[in-house]
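Structure data (PDB, C-alpha atoms) from input_7.pdb:
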ATOM      1  CA  MET A   1      44.081  -5.431 -10.551  1.00  0.00           C
ATOM      2  CA  ILE A   2      46.286  -8.333 -11.729  1.00  0.00           C
ATOM      3  CA  ARG A   3      44.185 -11.396 -12.576  1.00  0.00           C
ATOM      4  CA  VAL A   4      45.873 -14.732 -11.826  1.00  0.00           C
ATOM      5  CA  VAL A   5      45.033 -18.384 -12.489  1.00  0.00           C
ATOM      6  CA  LEU A   6      46.717 -21.040 -10.311  1.00  0.00           C
ATOM      7  CA  VAL A   7      47.490 -24.456 -11.799  1.00  0.00           C
ATOM      8  CA  ASP A   8      48.666 -27.237  -9.477  1.00  0.00           C
ATOM      9  CA  ASP A   9      47.349 -30.701  -8.684  1.00  0.00           C
ATOM     10  CA  GLN A  10      47.783 -30.135  -4.945  1.00  0.00           C
ATOM     11  CA  ALA A  11      44.920 -28.148  -3.428  1.00  0.00           C
ATOM     12  CA  VAL A  12      47.047 -27.111  -0.461  1.00  0.00           C
ATOM     13  CA  VAL A  13      49.608 -25.512  -2.791  1.00  0.00           C
ATOM     14  CA  ARG A  14      46.915 -23.579  -4.631  1.00  0.00           C
ATOM     15  CA  MET A  15      45.431 -22.440  -1.332  1.00  0.00           C
ATOM     16  CA  GLY A  16      48.818 -21.266  -0.080  1.00  0.00           C
ATOM     17  CA  PHE A  17      49.528 -19.310  -3.251  1.00  0.00           C
ATOM     18  CA  ARG A  18      46.067 -17.752  -3.152  1.00  0.00           C
ATOM     19  CA  VAL A  19      46.558 -16.547   0.412  1.00  0.00           C
ATOM     20  CA  LEU A  20      50.020 -15.151  -0.356  1.00  0.00           C
ATOM     21  CA  LEU A  21      48.878 -13.275  -3.452  1.00  0.00           C
ATOM     22  CA  GLU A  22      45.502 -11.997  -2.327  1.00  0.00           C
ATOM     23  CA  GLU A  23      46.746 -10.399   0.870  1.00  0.00           C
ATOM     24  CA  HIS A  24      48.019  -7.644  -1.411  1.00  0.00           C
ATOM     25  CA  GLY A  25      45.452  -5.332  -2.920  1.00  0.00           C
ATOM     26  CA  ASP A  26      46.625  -5.485  -6.524  1.00  0.00           C
ATOM     27  CA  VAL A  27      46.307  -9.250  -7.187  1.00  0.00           C
ATOM     28  CA  GLU A  28      43.156 -11.333  -7.557  1.00  0.00           C
ATOM     29  CA  VAL A  29      43.138 -15.104  -8.073  1.00  0.00           C
ATOM     30  CA  VAL A  30      40.268 -15.496 -10.533  1.00  0.00           C
ATOM     31  CA  GLY A  31      40.521 -19.237 -11.126  1.00  0.00           C
ATOM     32  CA  GLU A  32      42.251 -22.522 -10.342  1.00  0.00           C
ATOM     33  CA  ALA A  33      42.957 -25.772 -12.170  1.00  0.00           C
ATOM     34  CA  SER A  34      44.333 -29.114 -10.995  1.00  0.00           C
ATOM     35  CA  GLY A  35      45.691 -30.277 -14.348  1.00  0.00           C
ATOM     36  CA  GLY A  36      46.902 -29.127 -17.744  1.00  0.00           C
ATOM     37  CA  ARG A  37      43.742 -29.833 -19.724  1.00  0.00           C
ATOM     38  CA  GLU A  38      41.582 -28.030 -17.204  1.00  0.00           C
ATOM     39  CA  ALA A  39      44.059 -25.145 -17.136  1.00  0.00           C
ATOM     40  CA  VAL A  40      43.701 -24.489 -20.863  1.00  0.00           C
ATOM     41  CA  GLU A  41      39.920 -24.269 -20.540  1.00  0.00           C
ATOM     42  CA  VAL A  42      40.034 -22.071 -17.418  1.00  0.00           C
ATOM     43  CA  VAL A  43      42.505 -19.679 -19.047  1.00  0.00           C
ATOM     44  CA  ARG A  44      40.433 -19.509 -22.222  1.00  0.00           C
ATOM     45  CA  ARG A  45      37.311 -18.702 -20.207  1.00  0.00           C
ATOM     46  CA  LEU A  46      38.755 -16.225 -17.702  1.00  0.00           C
ATOM     47  CA  ALA A  47      41.530 -14.478 -19.710  1.00  0.00           C
ATOM     48  CA  PRO A  48      43.904 -13.838 -16.779  1.00  0.00           C
ATOM     49  CA  ASP A  49      47.047 -11.714 -16.879  1.00  0.00           C
ATOM     50  CA  VAL A  50      49.312 -14.382 -15.359  1.00  0.00           C
ATOM     51  CA  VAL A  51      49.151 -18.173 -15.035  1.00  0.00           C
ATOM     52  CA  CYS A  52      51.170 -19.834 -12.249  1.00  0.00           C
ATOM     53  CA  MET A  53      51.839 -23.248 -13.774  1.00  0.00           C
ATOM     54  CA  ASP A  54      53.037 -26.490 -12.200  1.00  0.00           C
ATOM     55  CA  LEU A  55      54.666 -28.968 -14.607  1.00  0.00           C
ATOM     56  CA  ARG A  56      54.015 -32.507 -13.383  1.00  0.00           C
ATOM     57  CA  MET A  57      50.333 -33.174 -12.804  1.00  0.00           C
ATOM     58  CA  ALA A  58      48.146 -36.227 -13.116  1.00  0.00           C
ATOM     59  CA  ASP A  59      45.570 -34.699 -15.457  1.00  0.00           C
ATOM     60  CA  GLY A  60      47.593 -33.226 -18.308  1.00  0.00           C
ATOM     61  CA  ASP A  61      51.126 -31.899 -17.954  1.00  0.00           C
ATOM     62  CA  GLY A  62      52.077 -28.254 -17.615  1.00  0.00           C
ATOM     63  CA  ILE A  63      54.305 -28.257 -20.703  1.00  0.00           C
ATOM     64  CA  SER A  64      51.477 -29.085 -23.104  1.00  0.00           C
ATOM     65  CA  ALA A  65      49.200 -26.616 -21.331  1.00  0.00           C
ATOM     66  CA  THR A  66      51.836 -23.881 -21.554  1.00  0.00           C
ATOM     67  CA  ARG A  67      52.316 -24.524 -25.264  1.00  0.00           C
ATOM     68  CA  GLU A  68      48.594 -24.256 -25.959  1.00  0.00           C
ATOM     69  CA  ILE A  69      48.121 -21.171 -23.787  1.00  0.00           C
ATOM     70  CA  VAL A  70      51.042 -19.376 -25.459  1.00  0.00           C
ATOM     71  CA  ALA A  71      49.832 -20.327 -28.934  1.00  0.00           C
ATOM     72  CA  ASN A  72      46.393 -18.858 -28.267  1.00  0.00           C
ATOM     73  CA  ARG A  73      47.276 -15.741 -26.300  1.00  0.00           C
ATOM     74  CA  ARG A  74      46.723 -12.237 -27.597  1.00  0.00           C
ATOM     75  CA  GLY A  75      48.621  -9.079 -26.770  1.00  0.00           C
ATOM     76  CA  GLY A  76      51.259 -10.968 -24.784  1.00  0.00           C
ATOM     77  CA  THR A  77      48.871 -12.243 -22.127  1.00  0.00           C
ATOM     78  CA  PRO A  78      48.516 -14.352 -20.220  1.00  0.00           C
ATOM     79  CA  ALA A  79      52.134 -14.683 -19.201  1.00  0.00           C
ATOM     80  CA  VAL A  80      53.073 -18.137 -17.907  1.00  0.00           C
ATOM     81  CA  LEU A  81      55.098 -18.375 -14.701  1.00  0.00           C
ATOM     82  CA  VAL A  82      56.320 -21.916 -14.053  1.00  0.00           C
ATOM     83  CA  VAL A  83      56.417 -22.626 -10.319  1.00  0.00           C
ATOM     84  CA  THR A  84      58.087 -25.976  -9.832  1.00  0.00           C
ATOM     85  CA  THR A  85      59.986 -28.188  -7.426  1.00  0.00           C
ATOM     86  CA  PHE A  86      62.576 -28.801 -10.117  1.00  0.00           C
ATOM     87  CA  ASP A  87      65.315 -26.536 -11.428  1.00  0.00           C
ATOM     88  CA  LEU A  88      67.459 -27.761 -14.311  1.00  0.00           C
ATOM     89  CA  ASP A  89      65.643 -30.895 -15.442  1.00  0.00           C
ATOM     90  CA  GLU A  90      64.243 -31.639 -18.887  1.00  0.00           C
ATOM     91  CA  ASP A  91      60.671 -30.763 -17.922  1.00  0.00           C
ATOM     92  CA  VAL A  92      61.768 -27.217 -17.141  1.00  0.00           C
ATOM     93  CA  PHE A  93      63.581 -26.994 -20.482  1.00  0.00           C
ATOM     94  CA  GLY A  94      60.442 -28.301 -22.150  1.00  0.00           C
ATOM     95  CA  ALA A  95      58.435 -25.503 -20.562  1.00  0.00           C
ATOM     96  CA  LEU A  96      60.981 -22.994 -21.851  1.00  0.00           C
ATOM     97  CA  GLU A  97      60.625 -24.366 -25.367  1.00  0.00           C
ATOM     98  CA  ALA A  98      56.841 -24.208 -24.978  1.00  0.00           C
ATOM     99  CA  GLY A  99      57.033 -20.472 -24.262  1.00  0.00           C
ATOM    100  CA  ALA A 100      57.125 -20.045 -20.473  1.00  0.00           C
ATOM    101  CA  ASP A 101      57.936 -16.478 -19.459  1.00  0.00           C
ATOM    102  CA  GLY A 102      59.743 -17.196 -16.207  1.00  0.00           C
ATOM    103  CA  PHE A 103      60.523 -19.737 -13.518  1.00  0.00           C
ATOM    104  CA  LEU A 104      60.359 -19.898  -9.734  1.00  0.00           C
ATOM    105  CA  LEU A 105      60.998 -22.751  -7.339  1.00  0.00           C
ATOM    106  CA  LYS A 106      58.197 -23.669  -4.944  1.00  0.00           C
ATOM    107  CA  ASP A 107      60.409 -22.949  -1.964  1.00  0.00           C
ATOM    108  CA  CYS A 108      60.814 -19.320  -3.025  1.00  0.00           C
ATOM    109  CA  GLU A 109      60.064 -16.506  -0.615  1.00  0.00           C
ATOM    110  CA  PRO A 110      56.497 -15.105  -0.703  1.00  0.00           C
ATOM    111  CA  GLU A 111      57.849 -11.743  -1.849  1.00  0.00           C
ATOM    112  CA  GLU A 112      59.522 -13.420  -4.833  1.00  0.00           C
ATOM    113  CA  LEU A 113      56.238 -14.928  -6.001  1.00  0.00           C
ATOM    114  CA  LEU A 114      54.421 -11.606  -5.695  1.00  0.00           C
ATOM    115  CA  GLU A 115      57.179  -9.705  -7.484  1.00  0.00           C
ATOM    116  CA  ALA A 116      57.282 -12.285 -10.280  1.00  0.00           C
ATOM    117  CA  VAL A 117      53.536 -12.010 -10.843  1.00  0.00           C
ATOM    118  CA  ARG A 118      53.736  -8.222 -10.916  1.00  0.00           C
ATOM    119  CA  ARG A 119      56.660  -8.191 -13.342  1.00  0.00           C
ATOM    120  CA  LEU A 120      55.043 -10.624 -15.752  1.00  0.00           C
ATOM    121  CA  ALA A 121      51.764  -8.722 -15.623  1.00  0.00           C
ATOM    122  CA  ALA A 122      53.701  -5.588 -16.560  1.00  0.00           C
ATOM    123  CA  GLY A 123      55.247  -7.374 -19.544  1.00  0.00           C
ATOM    124  CA  GLU A 124      58.774  -7.193 -18.145  1.00  0.00           C
ATOM    125  CA  GLY A 125      59.599 -10.897 -18.102  1.00  0.00           C
ATOM    126  CA  LEU A 126      61.749 -12.647 -15.530  1.00  0.00           C
ATOM    127  CA  VAL A 127      65.123 -12.817 -17.251  1.00  0.00           C
ATOM    128  CA  ASP A 128      66.623 -10.896 -14.345  1.00  0.00           C
ATOM    129  CA  HIS A 129      65.675 -13.669 -11.947  1.00  0.00           C
ATOM    130  CA  SER A 130      68.473 -16.089 -11.071  1.00  0.00           C
ATOM    131  CA  VAL A 131      66.463 -19.272 -11.684  1.00  0.00           C
ATOM    132  CA  THR A 132      65.251 -18.104 -15.089  1.00  0.00           C
ATOM    133  CA  ARG A 133      68.740 -17.037 -16.175  1.00  0.00           C
ATOM    134  CA  ARG A 134      70.238 -20.339 -15.038  1.00  0.00           C
ATOM    135  CA  VAL A 135      67.591 -22.280 -16.948  1.00  0.00           C
ATOM    136  CA  ILE A 136      68.214 -20.233 -20.101  1.00  0.00           C
ATOM    137  CA  ARG A 137      72.006 -20.628 -19.935  1.00  0.00           C
ATOM    138  CA  GLU A 138      71.847 -24.376 -19.426  1.00  0.00           C
ATOM    139  CA  PHE A 139      69.121 -24.785 -22.050  1.00  0.00           C
ATOM    140  CA  SER A 140      71.207 -22.881 -24.595  1.00  0.00           C
ATOM    141  CA  ARG A 141      74.316 -24.900 -23.758  1.00  0.00           C
ATOM    142  CA  ARG A 142      72.529 -28.229 -24.154  1.00  0.00           C
ATOM    143  CA  ARG A 143      70.758 -27.257 -27.360  1.00  0.00           C
ATOM    144  CA  GLY A 144      73.949 -25.926 -28.901  1.00  0.00           C
ATOM    145  CA  PRO A 145      74.541 -22.895 -31.132  1.00  0.00           C
ATOM    146  CA  ARG A 146      72.057 -21.736 -33.706  1.00  0.00           C
ATOM    147  CA  ALA A 147      72.329 -23.527 -37.039  1.00  0.00           C
ATOM    148  CA  ALA A 148      74.875 -21.917 -39.371  1.00  0.00           C
ATOM    149  CA  SER A 149      72.347 -22.133 -42.213  1.00  0.00           C
ATOM    150  CA  ALA A 150      70.234 -19.444 -40.536  1.00  0.00           C
ATOM    151  CA  PRO A 151      72.162 -16.146 -40.834  1.00  0.00           C
ATOM    152  CA  ALA A 152      71.922 -13.802 -37.876  1.00  0.00           C
ATOM    153  CA  PRO A 153      70.010 -10.588 -38.560  1.00  0.00           C
ATOM    154  CA  GLU A 154      72.022  -7.389 -38.481  1.00  0.00           C
ATOM    155  CA  LEU A 155      71.410  -5.539 -35.248  1.00  0.00           C
ATOM    156  CA  THR A 156      72.632  -2.014 -34.799  1.00  0.00           C
ATOM    157  CA  PRO A 157      75.449  -1.602 -32.241  1.00  0.00           C
ATOM    158  CA  ARG A 158      72.973  -0.087 -29.773  1.00  0.00           C
ATOM    159  CA  GLU A 159      70.425  -2.894 -30.271  1.00  0.00           C
ATOM    160  CA  ALA A 160      73.148  -5.511 -29.786  1.00  0.00           C
ATOM    161  CA  GLU A 161      74.361  -3.787 -26.627  1.00  0.00           C
ATOM    162  CA  ILE A 162      70.867  -3.695 -25.148  1.00  0.00           C
ATOM    163  CA  VAL A 163      70.237  -7.365 -25.952  1.00  0.00           C
ATOM    164  CA  ARG A 164      73.583  -8.234 -24.349  1.00  0.00           C
ATOM    165  CA  LEU A 165      72.667  -6.349 -21.174  1.00  0.00           C
ATOM    166  CA  LEU A 166      69.242  -7.990 -21.162  1.00  0.00           C
ATOM    167  CA  ALA A 167      70.966 -11.380 -21.278  1.00  0.00           C
ATOM    168  CA  ARG A 168      72.961 -10.399 -18.202  1.00  0.00           C
ATOM    169  CA  GLY A 169      69.670 -10.098 -16.343  1.00  0.00           C
ATOM    170  CA  MET A 170      69.132  -6.338 -16.409  1.00  0.00           C
ATOM    171  CA  SER A 171      65.666  -4.805 -16.446  1.00  0.00           C
ATOM    172  CA  ASN A 172      64.779  -1.975 -18.851  1.00  0.00           C
ATOM    173  CA  ALA A 173      65.313   0.572 -16.082  1.00  0.00           C
ATOM    174  CA  GLU A 174      68.720  -0.880 -15.191  1.00  0.00           C
ATOM    175  CA  ILE A 175      69.787  -0.878 -18.838  1.00  0.00           C
ATOM    176  CA  ALA A 176      68.678   2.736 -19.148  1.00  0.00           C
ATOM    177  CA  ARG A 177      70.807   3.731 -16.141  1.00  0.00           C
ATOM    178  CA  GLU A 178      73.772   1.790 -17.508  1.00  0.00           C
ATOM    179  CA  LEU A 179      73.580   3.515 -20.892  1.00  0.00           C
ATOM    180  CA  PHE A 180      72.428   6.937 -19.629  1.00  0.00           C
ATOM    181  CA  VAL A 181      69.275   6.917 -21.762  1.00  0.00           C
ATOM    182  CA  GLU A 182      65.543   6.963 -21.130  1.00  0.00           C
ATOM    183  CA  THR A 183      63.698   3.719 -20.378  1.00  0.00           C
ATOM    184  CA  SER A 184      61.461   4.393 -23.380  1.00  0.00           C
ATOM    185  CA  THR A 185      64.569   4.437 -25.591  1.00  0.00           C
ATOM    186  CA  VAL A 186      65.604   1.029 -24.284  1.00  0.00           C
ATOM    187  CA  LYS A 187      62.132  -0.364 -24.966  1.00  0.00           C
ATOM    188  CA  SER A 188      62.158   1.005 -28.521  1.00  0.00           C
ATOM    189  CA  HIS A 189      65.558  -0.496 -29.358  1.00  0.00           C
ATOM    190  CA  LEU A 190      64.627  -3.802 -27.742  1.00  0.00           C
ATOM    191  CA  THR A 191      61.356  -3.985 -29.654  1.00  0.00           C
ATOM    192  CA  ARG A 192      63.178  -3.429 -32.954  1.00  0.00           C
ATOM    193  CA  ALA A 193      65.774  -6.052 -32.071  1.00  0.00           C
ATOM    194  CA  MET A 194      63.084  -8.595 -31.167  1.00  0.00           C
ATOM    195  CA  THR A 195      61.320  -7.946 -34.468  1.00  0.00           C
ATOM    196  CA  LYS A 196      64.543  -8.513 -36.411  1.00  0.00           C
ATOM    197  CA  ILE A 197      65.362 -11.810 -34.711  1.00  0.00           C
ATOM    198  CA  GLY A 198      61.762 -13.026 -34.632  1.00  0.00           C
ATOM    199  CA  ALA A 199      61.602 -13.343 -30.832  1.00  0.00           C
ATOM    200  CA  ARG A 200      58.152 -13.258 -29.267  1.00  0.00           C
ATOM    201  CA  ASP A 201      59.321 -12.080 -25.841  1.00  0.00           C
ATOM    202  CA  ARG A 202      62.289 -11.214 -23.652  1.00  0.00           C
ATOM    203  CA  VAL A 203      63.023 -14.810 -22.687  1.00  0.00           C
ATOM    204  CA  GLN A 204      63.246 -15.892 -26.325  1.00  0.00           C
ATOM    205  CA  THR A 205      65.484 -12.883 -27.011  1.00  0.00           C
ATOM    206  CA  VAL A 206      67.928 -13.995 -24.318  1.00  0.00           C
ATOM    207  CA  ILE A 207      67.906 -17.567 -25.653  1.00  0.00           C
ATOM    208  CA  TRP A 208      68.795 -16.172 -29.086  1.00  0.00           C
ATOM    209  CA  ALA A 209      71.597 -14.095 -27.577  1.00  0.00           C
ATOM    210  CA  TYR A 210      73.176 -17.129 -25.915  1.00  0.00           C
ATOM    211  CA  ARG A 211      72.820 -19.384 -28.935  1.00  0.00           C
ATOM    212  CA  THR A 212      74.381 -16.836 -31.292  1.00  0.00           C
ATOM    213  CA  GLY A 213      77.225 -15.998 -28.927  1.00  0.00           C
ATOM    214  CA  LEU A 214      76.086 -12.397 -28.390  1.00  0.00           C
ATOM    215  CA  ALA A 215      75.424 -12.879 -24.686  1.00  0.00           C
ATOM    216  CA  GLU A 216      78.175 -12.506 -22.161  1.00  0.00           C
ATOM    217  CA  ASP A 217      77.747 -15.589 -20.005  1.00  0.00           C
ATOM    218  CA  SER A 218      78.935 -14.192 -16.712  1.00  0.00           C
TER     219      SER A 218
END
Step by step, read the file and then write its structure as structure tokens.
Amino acid sequence: MIRVVLVDDQAVVRMGFRVLLEEHGDVEVVGEASGGREAVEVVRRLAPDVVCMDLRMADGDGISATREIVANRRGGTPAVLVVTTFDLDEDVFGALEAGADGFLLKDCEPEELLEAVRRLAAGEGLVDHSVTRRVIREFSRRRGPRAASAPAPELTPREAEIVRLLARGMSNAEIARELFVETSTVKSHLTRAMTKIGARDRVQTVIWAYRTGLAEDS
């Protein structure tokens, strides 16, 4: 069972998300919050797998809440899925810097929300989702290349290839099919690459790939 906390200052939005998610047998909404400060406390108390986070709320913004939740999480959970009305504005980039694991727009299809929650709960990230990739590309462009004073770690050719395919939006399974290897092999190479570059998750790995010029921005 995937445990979810919903964070939005509009009760009708939370109710809608709850109905959409709980009609499937593998998701349970264990808590709700109407603001960022409340969200941090609810997440600390309930330890969910995924937090669906709005950004602009009256009682504490979603960026600060995301930053605190990410700083305190253990074992990669909870993952933070930003569900917002906005796409490429500075608040979304702020959430990316704070450690958000993926992005959806509030007008997404119900199936997209469910799939996003399942993927984040499985630790796969959302870099294969069009909104998340667009946010990462624009964020990297606006922030500019990585400082020259910080030398890039030496990835093996296979590690570099896998990171490049990840930046194109491929899942582990898709990368494995592309390279004719096992999914477990992809995960092992990706884990080593993330350790070398100091990335905490797949999203941060893709940001690094764009900012160092490794990614193919297609």
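Between Arg74 in chain A and the residues A:His129, A:Arg211, A:Arg14, A:Arg44, the shortest atom-to-atom distance, using only C-alpha atoms, involves A:Arg44.
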Subject >> Reference answer for the PyMOL selection byres ((chain A and resi 91) around 12), as a PyMOL selection string >> reply: chain A and resi 54-57+61-64+66+82-90+92-98+100+103+135+139
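Selection check: the PyMOL selection byres ((chain A and resi 133) around 10) on the shown file gives Gly102, Phe103, Leu126, Val127, Asp128, His129, Ser130, Val131, Thr132, Arg134, Val135, Ile136, Arg137, Glu138, Phe139, Ala167, Arg168, Gly169, Val203, Val206, Ile207 and Asp217 of chain A.
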**OP:** To one decimal in Å, tell me the separation between CA of Asp49 in chain A and CA of Arg3 in chain A.
**Re:** 5.2 Å
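Across the structure, CA of Val13 in chain A and CA of Leu113 in chain A are spaced 12.9 Å apart.
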Subject >> Shell around Ala71 in chain A at 12 Å using all atoms listed in the file, local window under 2 positions removed, as a ChimeraX atom specification >> reply: /A:40,44,64-69,73-80,98-100,200
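We find CA of Val51 in chain A and CA of Thr195 in chain A to be spaced 25.1 Å apart.
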File contents for range 6-16 of chain A with all heavy atoms as a CSV table (one decimal), in the first residue's frame:
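Produced file decode.csv, reproduced below:
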chain,number,residue,atom,x,y,z
A,6,LEU,N,-1.6,14.7,1.2
A,6,LEU,CA,-2.0,15.7,0.2
A,6,LEU,C,-1.8,17.1,0.9
A,6,LEU,O,-2.3,17.3,2.0
A,6,LEU,CB,-3.4,15.5,-0.2
A,6,LEU,CG,-3.8,14.2,-0.8
A,6,LEU,CD1,-5.3,14.1,-1.0
A,6,LEU,CD2,-3.0,13.9,-2.1
A,7,VAL,N,-1.1,18.0,0.2
A,7,VAL,CA,-0.9,19.3,0.7
A,7,VAL,C,-1.4,20.4,-0.3
A,7,VAL,O,-0.9,20.5,-1.4
A,7,VAL,CB,0.6,19.6,1.0
A,7,VAL,CG1,0.8,21.0,1.6
A,7,VAL,CG2,1.2,18.5,1.9
A,8,ASP,N,-2.5,21.0,0.1
A,8,ASP,CA,-3.1,22.1,-0.8
A,8,ASP,C,-4.0,22.9,0.1
A,8,ASP,O,-4.7,22.4,1.0
A,8,ASP,CB,-3.9,21.4,-1.9
A,8,ASP,CG,-4.2,22.4,-3.0
A,8,ASP,OD1,-5.0,23.4,-2.8
A,8,ASP,OD2,-3.6,22.3,-4.1
A,9,ASP,N,-4.1,24.2,-0.1
A,9,ASP,CA,-4.9,25.1,0.7
A,9,ASP,C,-6.4,25.1,0.3
A,9,ASP,O,-7.2,25.7,0.9
A,9,ASP,CB,-4.3,26.5,0.8
A,9,ASP,CG,-4.3,27.2,-0.5
A,9,ASP,OD1,-4.5,26.6,-1.6
A,9,ASP,OD2,-3.9,28.4,-0.5
A,10,GLN,N,-6.7,24.4,-0.8
A,10,GLN,CA,-8.1,24.3,-1.2
A,10,GLN,C,-8.6,22.9,-0.9
A,10,GLN,O,-8.1,21.9,-1.4
A,10,GLN,CB,-8.2,24.5,-2.7
A,10,GLN,CG,-7.8,25.9,-3.1
A,10,GLN,CD,-8.0,26.2,-4.6
A,10,GLN,OE1,-9.1,25.8,-5.1
A,10,GLN,NE2,-7.0,26.8,-5.3
A,11,ALA,N,-9.6,22.8,0.0
A,11,ALA,CA,-10.1,21.5,0.4
A,11,ALA,C,-10.7,20.8,-0.7
A,11,ALA,O,-10.6,19.5,-0.8
A,11,ALA,CB,-11.2,21.8,1.5
A,12,VAL,N,-11.3,21.4,-1.7
A,12,VAL,CA,-11.9,20.7,-2.8
A,12,VAL,C,-10.9,20.1,-3.7
A,12,VAL,O,-11.1,19.0,-4.2
A,12,VAL,CB,-12.8,21.7,-3.7
A,12,VAL,CG1,-11.9,22.8,-4.4
A,12,VAL,CG2,-13.6,21.0,-4.7
A,13,VAL,N,-9.7,20.6,-3.8
A,13,VAL,CA,-8.6,20.0,-4.5
A,13,VAL,C,-8.1,18.7,-3.8
A,13,VAL,O,-8.0,17.7,-4.4
A,13,VAL,CB,-7.4,21.0,-4.7
A,13,VAL,CG1,-6.2,20.2,-5.3
A,13,VAL,CG2,-7.8,22.1,-5.6
A,14,ARG,N,-8.0,18.8,-2.5
A,14,ARG,CA,-7.5,17.7,-1.7
A,14,ARG,C,-8.6,16.6,-1.8
A,14,ARG,O,-8.2,15.4,-2.0
A,14,ARG,CB,-7.3,18.1,-0.2
A,14,ARG,CG,-6.2,19.1,0.0
A,14,ARG,CD,-5.8,19.1,1.4
A,14,ARG,NE,-6.9,19.3,2.4
A,14,ARG,CZ,-7.3,20.5,2.8
A,14,ARG,NH1,-6.8,21.6,2.3
A,14,ARG,NH2,-8.3,20.6,3.7
A,15,MET,N,-9.8,16.9,-1.7
A,15,MET,CA,-10.9,15.9,-1.8
A,15,MET,C,-10.9,15.2,-3.2
A,15,MET,O,-11.0,14.0,-3.3
A,15,MET,CB,-12.3,16.6,-1.6
A,15,MET,CG,-13.4,15.6,-1.7
A,15,MET,SD,-15.0,16.4,-1.5
A,15,MET,CE,-14.9,17.2,0.1
A,16,GLY,N,-10.7,16.0,-4.3
A,16,GLY,CA,-10.6,15.4,-5.6
A,16,GLY,C,-9.5,14.5,-5.8
A,16,GLY,O,-9.6,13.4,-6.3
